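To be precise, the following lines are data.cif, and they hold mmCIF, C-alpha atoms.
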```cif
data_input
loop_
_atom_site.group_PDB
_atom_site.id
_atom_site.type_symbol
_atom_site.label_atom_id
_atom_site.label_comp_id
_atom_site.auth_asym_id
_atom_site.auth_seq_id
_atom_site.Cartn_x
_atom_site.Cartn_y
_atom_site.Cartn_z
ATOM 1 C CA MET L 1 7.836 -9.959 -9.693
ATOM 2 C CA LEU L 2 9.341 -6.603 -10.511
ATOM 3 C CA TRP L 3 11.427 -4.148 -8.492
ATOM 4 C CA ILE L 4 11.446 -0.453 -9.317
ATOM 5 C CA CYS L 5 12.543 2.876 -7.898
ATOM 6 C CA ALA L 6 11.478 6.437 -8.583
ATOM 7 C CA TYR L 7 12.683 9.815 -7.399
ATOM 8 C CA ASP L 8 10.404 12.698 -6.405
ATOM 9 C CA GLY L 9 12.577 15.817 -6.524
ATOM 10 C CA GLU L 10 9.892 18.025 -5.014
ATOM 11 C CA SER L 11 9.872 16.092 -1.725
ATOM 12 C CA ASP L 12 13.436 14.705 -2.134
ATOM 13 C CA VAL L 13 12.205 11.120 -1.721
ATOM 14 C CA TRP L 14 13.400 7.936 -3.387
ATOM 15 C CA SER L 15 10.647 5.311 -3.473
ATOM 16 C CA TYR L 16 11.376 1.619 -3.962
ATOM 17 C CA PHE L 17 8.693 -0.934 -4.755
ATOM 18 C CA GLU L 18 8.416 -4.676 -5.026
ATOM 19 C CA LEU L 19 5.515 -5.279 -7.416
ATOM 20 C CA ASP L 20 3.438 -8.345 -8.182
ATOM 21 C CA ASP L 21 2.563 -9.401 -11.728
ATOM 22 C CA GLU L 22 -0.320 -6.891 -11.823
ATOM 23 C CA GLU L 23 1.966 -4.072 -10.603
ATOM 24 C CA TRP L 24 0.495 -3.762 -7.095
ATOM 25 C CA ALA L 25 2.960 -3.000 -4.305
ATOM 26 C CA LEU L 26 3.912 -5.955 -2.145
ATOM 27 C CA ARG L 27 6.536 -3.957 -0.264
ATOM 28 C CA HIS L 28 7.314 -0.248 -0.336
ATOM 29 C CA VAL L 29 10.292 1.762 0.938
ATOM 30 C CA ASP L 30 10.711 5.554 0.972
ATOM 31 C CA VAL L 31 14.000 7.218 1.866
ATOM 32 C CA GLN L 32 14.305 10.988 2.152
ATOM 33 C CA GLY L 33 17.022 13.596 1.893
ATOM 34 C CA LEU L 34 20.752 13.460 1.428
ATOM 35 C CA GLN L 35 21.080 11.074 4.355
ATOM 36 C CA ARG L 36 18.467 8.817 2.711
ATOM 37 C CA ARG L 37 16.576 8.580 5.983
ATOM 38 C CA PRO L 38 13.940 5.806 5.832
ATOM 39 C CA VAL L 39 10.398 7.052 6.327
ATOM 40 C CA THR L 40 8.461 4.054 4.962
ATOM 41 C CA ALA L 41 9.113 0.316 4.893
ATOM 42 C CA ALA L 42 5.661 -1.258 4.666
ATOM 43 C CA SER L 43 4.608 -4.743 3.607
ATOM 44 C CA LEU L 44 1.268 -5.811 2.134
ATOM 45 C CA ALA L 45 1.428 -9.155 3.957
ATOM 46 C CA GLU L 46 1.850 -7.394 7.309
ATOM 47 C CA VAL L 47 -0.894 -4.865 6.572
ATOM 48 C CA VAL L 48 -3.336 -7.617 5.566
ATOM 49 C CA GLU L 49 -2.531 -9.631 8.687
ATOM 50 C CA ILE L 50 -3.197 -6.647 10.942
ATOM 51 C CA ARG L 51 -6.316 -5.631 8.997
ATOM 52 C CA ASP L 52 -7.744 -9.155 9.171
ATOM 53 C CA GLY L 53 -7.180 -9.119 12.924
ATOM 54 C CA GLY L 54 -9.446 -6.073 13.098
ATOM 55 C CA ASP L 55 -7.213 -4.223 15.538
ATOM 56 C CA LEU L 56 -7.296 -0.526 14.607
ATOM 57 C CA SER L 57 -4.775 0.440 17.283
ATOM 58 C CA ALA L 58 -2.319 -2.165 15.939
ATOM 59 C CA MET L 59 -2.761 -0.759 12.415
ATOM 60 C CA ALA L 60 -2.171 2.787 13.661
ATOM 61 C CA ALA L 61 0.975 1.648 15.505
ATOM 62 C CA TYR L 62 2.242 -0.154 12.385
ATOM 63 C CA GLU L 63 1.702 2.922 10.218
ATOM 64 C CA ARG L 64 3.470 5.157 12.768
ATOM 65 C CA GLN L 65 6.459 2.826 12.752
ATOM 66 C CA PHE L 66 6.631 1.688 9.114
ATOM 67 C CA GLY L 67 4.543 4.219 7.180
ATOM 68 C CA VAL L 68 1.669 3.596 4.800
ATOM 69 C CA LEU L 69 1.894 1.079 1.967
ATOM 70 C CA ALA L 70 1.291 2.498 -1.510
ATOM 71 C CA GLU L 71 -2.298 1.805 -2.539
ATOM 72 C CA GLY L 72 -3.494 1.043 -6.019
ATOM 73 C CA THR L 73 -1.647 -0.264 -9.007
ATOM 74 C CA LEU L 74 1.568 1.314 -10.180
ATOM 75 C CA HIS L 75 0.652 0.490 -13.764
ATOM 76 C CA GLY L 76 2.334 2.985 -16.075
ATOM 77 C CA TRP L 77 5.295 3.576 -13.774
ATOM 78 C CA GLN L 78 7.564 3.445 -16.828
ATOM 79 C CA GLU L 79 6.307 6.866 -17.942
ATOM 80 C CA ALA L 80 7.202 8.570 -14.665
ATOM 81 C CA ASP L 81 10.282 10.795 -14.742
ATOM 82 C CA GLY L 82 13.147 9.197 -12.864
ATOM 83 C CA ALA L 83 11.536 5.746 -12.616
ATOM 84 C CA ALA L 84 13.647 2.694 -13.356
ATOM 85 C CA GLU L 85 13.678 -1.032 -12.909
ATOM 86 C CA ILE L 86 16.192 -2.223 -10.300
ATOM 87 C CA THR L 87 17.526 -5.597 -9.236
ATOM 88 C CA ARG L 88 15.986 -7.689 -6.514
ATOM 89 C CA GLN L 89 19.267 -7.388 -4.595
ATOM 90 C CA GLU L 90 19.104 -3.579 -4.689
ATOM 91 C CA PHE L 91 15.546 -3.649 -3.385
ATOM 92 C CA GLU L 92 16.363 -6.209 -0.676
ATOM 93 C CA SER L 93 19.353 -4.240 0.627
ATOM 94 C CA THR L 94 17.287 -1.028 0.692
ATOM 95 C CA TRP L 95 14.419 -2.859 2.441
ATOM 96 C CA ALA L 96 16.702 -4.435 5.056
ATOM 97 C CA ALA L 97 18.428 -1.132 5.874
ATOM 98 C CA ALA L 98 15.108 0.734 6.142
ATOM 99 C CA ARG L 99 13.527 -1.897 8.387
ATOM 100 C CA GLU L 100 16.603 -1.975 10.621
ATOM 101 C CA THR L 101 16.512 1.808 11.022
ATOM 102 C CA LEU L 102 12.763 1.986 11.628
ATOM 103 C CA ASP L 103 12.926 -0.908 14.126
ATOM 104 C CA ALA L 104 15.767 0.869 15.956
ATOM 105 C CA ASP L 105 13.810 4.142 15.963
ATOM 106 C CA ARG L 106 10.891 2.396 17.645
ATOM 107 C CA THR L 107 13.126 0.706 20.210
ATOM 108 C CA GLU L 108 14.874 3.989 21.035
ATOM 109 C CA GLY L 109 11.519 5.740 21.359
ATOM 110 C CA THR L 110 10.302 3.274 23.985
ATOM 111 C CA THR L 111 13.355 3.333 26.261
#
```
Can the structure in the file be given as structure tokens, please?
Amino acid sequence: MLWICAYDGESDVWSYFELDDEEWALRHVDVQGLQRRPVTAASLAEVVEIRDGGDLSAMAAYERQFGVLAEGTLHGWQEADGAAEITRQEFESTWAAARETLDADRTEGTT
């Protein structure tokens, strides 16, 4: 496995990816702006589980809460400006913080 991050200055988004051996995203986090507000924290395992259940409304709800998982291979990421390999610990802490925030956002939105 491989963990990477990349910065998109145009949209002011840091993207973090956990990649498998073929460089497909297993988990994906996007944080935006100076406050590094999480906008995506999606997991391939969760997406596949929902997809296999065939529940379109559940998939739509998941994507509203956690965003859309990056599709396709990230092969060649090394050539992207601002892309770098990171540690598993850096990815995991970013993932945990993003999921906590997005879970809280959903809870606050339903009260």
Quick one: everything within 6 Å of Tyr7 of chain L, counting all atoms listed in the file, minus sequence neighbours fewer than 2 positions away in the same chain. Send it as an MDAnalysis selection string. chainID L and resid 13:14 82
Hey, what comes out of the PyMOL selection byres ((chain L and resi 57-73) around 8) on this file? Could you write it as a ChimeraX atom specification? /L:22-25,27-28,39-44,47,50-51,55-56,74-75,99,102-103,106
Between atom CA of Arg37 of chain L and atom CA of Tyr16 of chain L, what is the distance, to one decimal in Å?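 One can read the atom CA of Arg37 of chain L to atom CA of Tyr16 of chain L distance as 13.2 Å.
Interatomic distance, atom CA of Val29 of chain L to atom CA of Glu79 of chain L: 20.0 Å.
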Local residues around (3.9, -11.1, -9.7), at most 6 Å away, using all atoms listed in the file, as an MDAnalysis selection string: chainID L and resid 1 20:21
Could you save those same residues with C-alpha atoms as a PDB file, in the coordinates of the input?
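In the end it all went to again12.pdb:
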```
ATOM      1  CA  MET L   1       7.836  -9.959  -9.693  1.00  0.00           C
ATOM      2  CA  ASP L  20       3.438  -8.345  -8.182  1.00  0.00           C
ATOM      3  CA  ASP L  21       2.563  -9.401 -11.728  1.00  0.00           C
TER       4      ASP L  21
END
```
L:Ala98, L:Cys5, L:Ala83, L:Leu26 ranked by distance to Ala45 of chain L, top pick (using all atoms listed in the file):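 Among the listed residues, L:Leu26 lies closest to Ala45 of chain L.
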Separation of atom CA of Glu46 of chain L from atom CA of Leu19 of chain L in Å: 15.3 Å
Near-Phe91 of chain L list (9 Å; all atoms listed in the file; drop same-chain fewer than 3 positions) as a JSON list (two decimals) with C-alpha atoms, in the frame of the given file:
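As a result, out19.json now contains:
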```json
[["chain", "number", "residue", "atom", "x", "y", "z"],
["L", 3, "TRP", "CA", 11.43, -4.15, -8.49],
["L", 4, "ILE", "CA", 11.45, -0.45, -9.32],
["L", 5, "CYS", "CA", 12.54, 2.88, -7.90],
["L", 16, "TYR", "CA", 11.38, 1.62, -3.96],
["L", 17, "PHE", "CA", 8.69, -0.93, -4.76],
["L", 18, "GLU", "CA", 8.42, -4.68, -5.03],
["L", 29, "VAL", "CA", 10.29, 1.76, 0.94],
["L", 86, "ILE", "CA", 16.19, -2.22, -10.30],
["L", 87, "THR", "CA", 17.53, -5.60, -9.24],
["L", 88, "ARG", "CA", 15.99, -7.69, -6.51],
["L", 94, "THR", "CA", 17.29, -1.03, 0.69],
["L", 95, "TRP", "CA", 14.42, -2.86, 2.44],
["L", 96, "ALA", "CA", 16.70, -4.43, 5.06]]
```
Rebuild segment 35-53 of chain L so that it carries N, CA, C and O atoms, then output the result as a short mmCIF file (atom, residue, chain, number, x, y, z; two decimals), in the coordinates of the input.
```
data_model
loop_
_atom_site.label_atom_id
_atom_site.label_comp_id
_atom_site.auth_asym_id
_atom_site.auth_seq_id
_atom_site.Cartn_x
_atom_site.Cartn_y
_atom_site.Cartn_z
N GLN L 35 20.72 12.19 3.49
CA GLN L 35 21.08 11.07 4.36
C GLN L 35 20.28 9.82 4.03
O GLN L 35 20.53 8.77 4.62
N ARG L 36 19.32 9.94 3.11
CA ARG L 36 18.47 8.82 2.71
C ARG L 36 17.83 8.17 3.93
O ARG L 36 17.85 6.96 4.13
N ARG L 37 17.23 9.01 4.75
CA ARG L 37 16.58 8.58 5.98
C ARG L 37 15.29 7.82 5.66
O ARG L 37 14.40 8.36 4.99
N PRO L 38 15.17 6.57 6.10
CA PRO L 38 13.94 5.81 5.83
C PRO L 38 12.73 6.43 6.52
O PRO L 38 12.80 6.78 7.70
N VAL L 39 11.66 6.56 5.76
CA VAL L 39 10.40 7.05 6.33
C VAL L 39 9.27 6.04 6.13
O VAL L 39 8.24 6.13 6.80
N THR L 40 9.45 5.09 5.22
CA THR L 40 8.46 4.05 4.96
C THR L 40 9.18 2.75 4.67
O THR L 40 10.18 2.75 3.95
N ALA L 41 8.67 1.67 5.23
CA ALA L 41 9.11 0.32 4.89
C ALA L 41 7.95 -0.61 5.23
O ALA L 41 7.96 -1.31 6.24
N ALA L 42 6.92 -0.56 4.40
CA ALA L 42 5.66 -1.26 4.67
C ALA L 42 5.50 -2.47 3.76
O ALA L 42 5.93 -2.47 2.61
N SER L 43 4.81 -3.48 4.29
CA SER L 43 4.61 -4.74 3.61
C SER L 43 3.12 -5.06 3.51
O SER L 43 2.40 -4.99 4.52
N LEU L 44 2.67 -5.43 2.32
CA LEU L 44 1.27 -5.81 2.13
C LEU L 44 0.89 -6.98 3.03
O LEU L 44 -0.18 -6.97 3.65
N ALA L 45 1.74 -7.99 3.12
CA ALA L 45 1.43 -9.15 3.96
C ALA L 45 1.19 -8.75 5.41
O ALA L 45 0.26 -9.24 6.06
N GLU L 46 2.02 -7.85 5.92
CA GLU L 46 1.85 -7.39 7.31
C GLU L 46 0.58 -6.58 7.47
O GLU L 46 -0.16 -6.74 8.45
N VAL L 47 0.31 -5.70 6.51
CA VAL L 47 -0.89 -4.86 6.57
C VAL L 47 -2.15 -5.73 6.54
O VAL L 47 -3.08 -5.53 7.32
N VAL L 48 -2.17 -6.73 5.67
CA VAL L 48 -3.34 -7.62 5.57
C VAL L 48 -3.53 -8.40 6.86
O VAL L 48 -4.66 -8.55 7.35
N GLU L 49 -2.44 -8.88 7.43
CA GLU L 49 -2.53 -9.63 8.69
C GLU L 49 -3.13 -8.77 9.80
O GLU L 49 -4.01 -9.22 10.54
N ILE L 50 -2.67 -7.54 9.91
CA ILE L 50 -3.20 -6.65 10.94
C ILE L 50 -4.65 -6.30 10.65
O ILE L 50 -5.51 -6.33 11.53
N ARG L 51 -4.94 -5.98 9.39
CA ARG L 51 -6.32 -5.63 9.00
C ARG L 51 -7.28 -6.77 9.30
O ARG L 51 -8.36 -6.57 9.84
N ASP L 52 -6.88 -8.00 8.95
CA ASP L 52 -7.74 -9.15 9.17
C ASP L 52 -7.96 -9.44 10.65
O ASP L 52 -8.96 -10.03 11.03
N GLY L 53 -7.01 -8.99 11.48
CA GLY L 53 -7.18 -9.12 12.92
C GLY L 53 -8.15 -8.09 13.49
O GLY L 53 -8.60 -8.22 14.62
#
```
